[in-house]
Amino acid sequence: MIAMQLTVSVLAALLLFSMPLQEASAADETVTVEEEFILEEEIPEDDRPDFFSGRDSDIFASAGDVFGTEPEQEEFDSLDLAYPLSPGEEKALAAAMENPDEPNVLTLAILRARKASSILDSLKSGERKTPSEKGLDNPLYLALANALSAAELAPDEPDFLFLVAQVYAAFGPNPFTLELAEEAASGTLELDPSYSEARLLLGILQHQNRSFALAIDNLERAVSEKPALLDFRTASLLGAAYFLENGLPRGEQFFRKYLSSVEPNGTALFCLGVILHGMEELPEAGETMRLAAEAFSQDTEKAVYVRSVLAEWTEGK
C-alpha cells in the first residue's frame with residue numbers, strides 16, 4: 001500500500017514564524033507535576049491510512065513528506081480545524097480509502113490540486129482577498145494543504161510539486177517560505193528538466209535571494225526553451241541581474257539571439273536598448289528603444305513609457 005500519512009507541520013511552523021514572541025512571566029515558567037504528566041502523556045497511534053480528510057490537524061503536512069528528511073518539527077495538538085469537502089472530493093476520498101490503487105489516489109490528488117489552483121487564481125485575480133488577519137484565516141494555508149496533499153499522493157507528477165512551489169511563493173517576501181518555494185521548484189525540475197515554467201519560477205526566486213548568476217542561468221534557459229515566457233517583468237529581472245553581475249555583454253548576446261528567433265518583440269528590444277545604453281552604445285541604444293516603442297504600438301502604456309525613457313536619454317546627451 002502506498003504510504004499516505006500526512007503529519008503535523010510546516011504550516012504550524014509558518015504560523016509560529018509570523019507570531020511575535022511573548023515575554024514569559026514568572027508564572028508561565030512554572031510547570032507543575034500535573035502539567036508535566038499531561039505533556040508527557042502518550043497518545044495511542046492511529047495507524048489507519050490518512051488521506052487528509054480535511055478535518056483536524058491532518059491538514060498540516062510536513063515538508064519532509066514531500067522534500068525528504070527534515071529536522072523534526074514540534075507537533076501542535078491544538079490545531080483543530082474543519083474544512084468542508086466538496087461532494088466530488090468526498091466520493092474520491094472514500095474510494096481511495098476503500099481501495100488505494102493508482103487511479104483512485106490520482107483522482108483524489110487531481111481534485112486537491114484543482115482546489116489549490118482555484119484558490120491561487122482567485123487571489124491573483126482579486127476575486128478573493130487574503131485576510132488581513134494573520135494565521136489560519138489566510139486562504140493560502142488551505143491552498144498549501146491541498147497542494148502538499150496532491151504532491152504526496154502523486155510524488156512523480158511534476159505539476160503537483162510545481163503547484164506547491166507556486167503556493168509557497170505566493171506567501172510573499174518571507175525567507176522561510178521562499179526557501180521552500182525554491183526547493184519545490186528545484187524538485188519539479190528533477191522530475192522534469194524541461195518544465196520551463198518551473199525553471200522560470202526558480203530563476204525569479206533566486207533573483208529575490210540575490211543569487212543573480214544562478215538566476216541568469218535559469219531565466220535565460222527558461223525563455224530560450226519557451227520564448228512566450230518572456231514578459232516585461234522577466235526581462236526586467238534579467239536586465240537588472242546583468243547589471244548587478246557586470247554581465248552586460250552576456251545580456252546583449254542573449255537578447256540579440258532571442259530577437260533573431262522571434263517576431264519583433266517590444267519587451268526584448270526594450271531590455272536590449274537599456275543594456276546597450278549601459279555599454280555606452282548610445283546611437284544603437286536609441287534606435288533599439290525606438291523600435292521597442294513601435295513594437296508596443298498595441299500597448300499604449302508601455303509605448304509611452306519606452307518613449308519617456310528615450311526622451312530622457314536624448315535630453316541627457
# chains A, B, ... in the order shown; residues from 1 in each chain; ligands from 1
>>> residues_around(residues="Glu245 of chain A", least_positions_apart="4", cutoff="12 Å", atoms="only C-alpha atoms", output="number ranges by chain")
A: 207, 210-217, 238-241, 249-251
>>> residues_around(residues="Leu202 of chain A", least_positions_apart="6", cutoff="10 Å", atoms="only C-alpha atoms", output="PyMOL selection string")
chain A and resi 165+181-186+188-189+196+208+214-215+218-219+222
>>> write_last_selection(atoms="C-alpha atoms", output="CSV table (one decimal), in the first residue's frame")
chain,number,residue,atom,x,y,z
A,165,ALA,CA,6.2,25.9,-5.3
A,181,ALA,CA,9.3,27.5,-2.8
A,182,GLU,CA,12.8,27.3,-4.3
A,183,GLU,CA,13.2,23.8,-3.1
A,184,ALA,CA,9.9,22.7,-4.6
A,185,ALA,CA,10.8,24.4,-7.9
A,186,SER,CA,14.1,22.6,-8.0
A,188,THR,CA,10.0,19.9,-10.0
A,189,LEU,CA,12.9,20.2,-12.4
A,196,SER,CA,10.2,25.7,-18.4
A,208,GLN,CA,14.9,37.6,-5.0
A,214,LEU,CA,22.1,31.4,-10.9
A,215,ALA,CA,19.0,33.5,-11.7
A,218,ASN,CA,17.7,29.7,-15.2
A,219,LEU,CA,15.8,32.7,-16.6
A,222,ALA,CA,13.5,29.1,-19.4
>>> atom_distance(atom1="atom CA of Arg307 of chain A", atom2="atom CA of Phe232 of chain A")
15.5 Å
>>> closest_residue(among="A:Glu280, A:Asp192, A:Glu157, A:Glu197", to="Glu225 of chain A", atoms="only C-alpha atoms")
A:Glu197
>>> select_by_dssp(residues="segment 168-203 of chain A", states="helix (DSSP H, G or I)", output="list in words")
Tyr168, Ala169, Ala170, Pro175, Phe176, Thr177, Leu178, Glu179, Leu180, Ala181, Glu182, Glu183, Ala184, Ala185, Ser186, Gly187, Thr188, Leu189, Glu190, Leu191, Ser196, Glu197, Ala198, Arg199, Leu200, Leu201, Leu202 and Gly203 of chain A
>>> write_last_selection(atoms="C-alpha atoms", output="PDB file, in the first residue's frame")
ATOM      1  CA  TYR A 168       4.855  28.874  -1.162  1.00  0.00           C
ATOM      2  CA  ALA A 169       5.982  31.742  -3.414  1.00  0.00           C
ATOM      3  CA  ALA A 170       2.559  33.389  -3.003  1.00  0.00           C
ATOM      4  CA  PRO A 175      12.671  33.858   3.753  1.00  0.00           C
ATOM      5  CA  PHE A 176      11.198  30.638   5.164  1.00  0.00           C
ATOM      6  CA  THR A 177       8.504  30.173   2.521  1.00  0.00           C
ATOM      7  CA  LEU A 178      10.738  31.454  -0.287  1.00  0.00           C
ATOM      8  CA  GLU A 179      13.319  28.803   0.559  1.00  0.00           C
ATOM      9  CA  LEU A 180      10.626  26.122   0.457  1.00  0.00           C
ATOM     10  CA  ALA A 181       9.332  27.516  -2.843  1.00  0.00           C
ATOM     11  CA  GLU A 182      12.828  27.336  -4.335  1.00  0.00           C
ATOM     12  CA  GLU A 183      13.241  23.783  -3.065  1.00  0.00           C
ATOM     13  CA  ALA A 184       9.918  22.724  -4.582  1.00  0.00           C
ATOM     14  CA  ALA A 185      10.759  24.363  -7.935  1.00  0.00           C
ATOM     15  CA  SER A 186      14.121  22.552  -7.962  1.00  0.00           C
ATOM     16  CA  GLY A 187      12.353  19.297  -7.141  1.00  0.00           C
ATOM     17  CA  THR A 188       9.976  19.854 -10.046  1.00  0.00           C
ATOM     18  CA  LEU A 189      12.929  20.184 -12.410  1.00  0.00           C
ATOM     19  CA  GLU A 190      14.414  16.978 -11.052  1.00  0.00           C
ATOM     20  CA  LEU A 191      11.213  15.247 -12.111  1.00  0.00           C
ATOM     21  CA  SER A 196      10.170  25.741 -18.368  1.00  0.00           C
ATOM     22  CA  GLU A 197       7.607  27.374 -16.069  1.00  0.00           C
ATOM     23  CA  ALA A 198       9.258  25.780 -13.037  1.00  0.00           C
ATOM     24  CA  ARG A 199      12.683  26.924 -14.255  1.00  0.00           C
ATOM     25  CA  LEU A 200      11.342  30.449 -14.703  1.00  0.00           C
ATOM     26  CA  LEU A 201       9.970  30.480 -11.153  1.00  0.00           C
ATOM     27  CA  LEU A 202      13.263  29.122  -9.823  1.00  0.00           C
ATOM     28  CA  GLY A 203      15.131  31.938 -11.554  1.00  0.00           C
TER      29      GLY A 203
END
>>> atom_distance(atom1="atom CA of Glu220 of chain A", atom2="atom CA of Phe254 of chain A")
7.6 Å
>>> residues_around(residues="Ala235 of chain A", least_positions_apart="4", cutoff="8 Å", atoms="only C-alpha atoms", output="list in words")
Leu230, Asp231, Gly239, Thr267, Ala268 and Cys271 of chain A
>>> atom_distance(atom1="atom CA of Ala154 of chain A", atom2="atom CA of Val223 of chain A")
27.9 Å
>>> closest_residue(among="A:Leu269, A:Val105, A:Leu93, A:Ile119", to="Ala303 of chain A", atoms="only C-alpha atoms")
A:Leu269
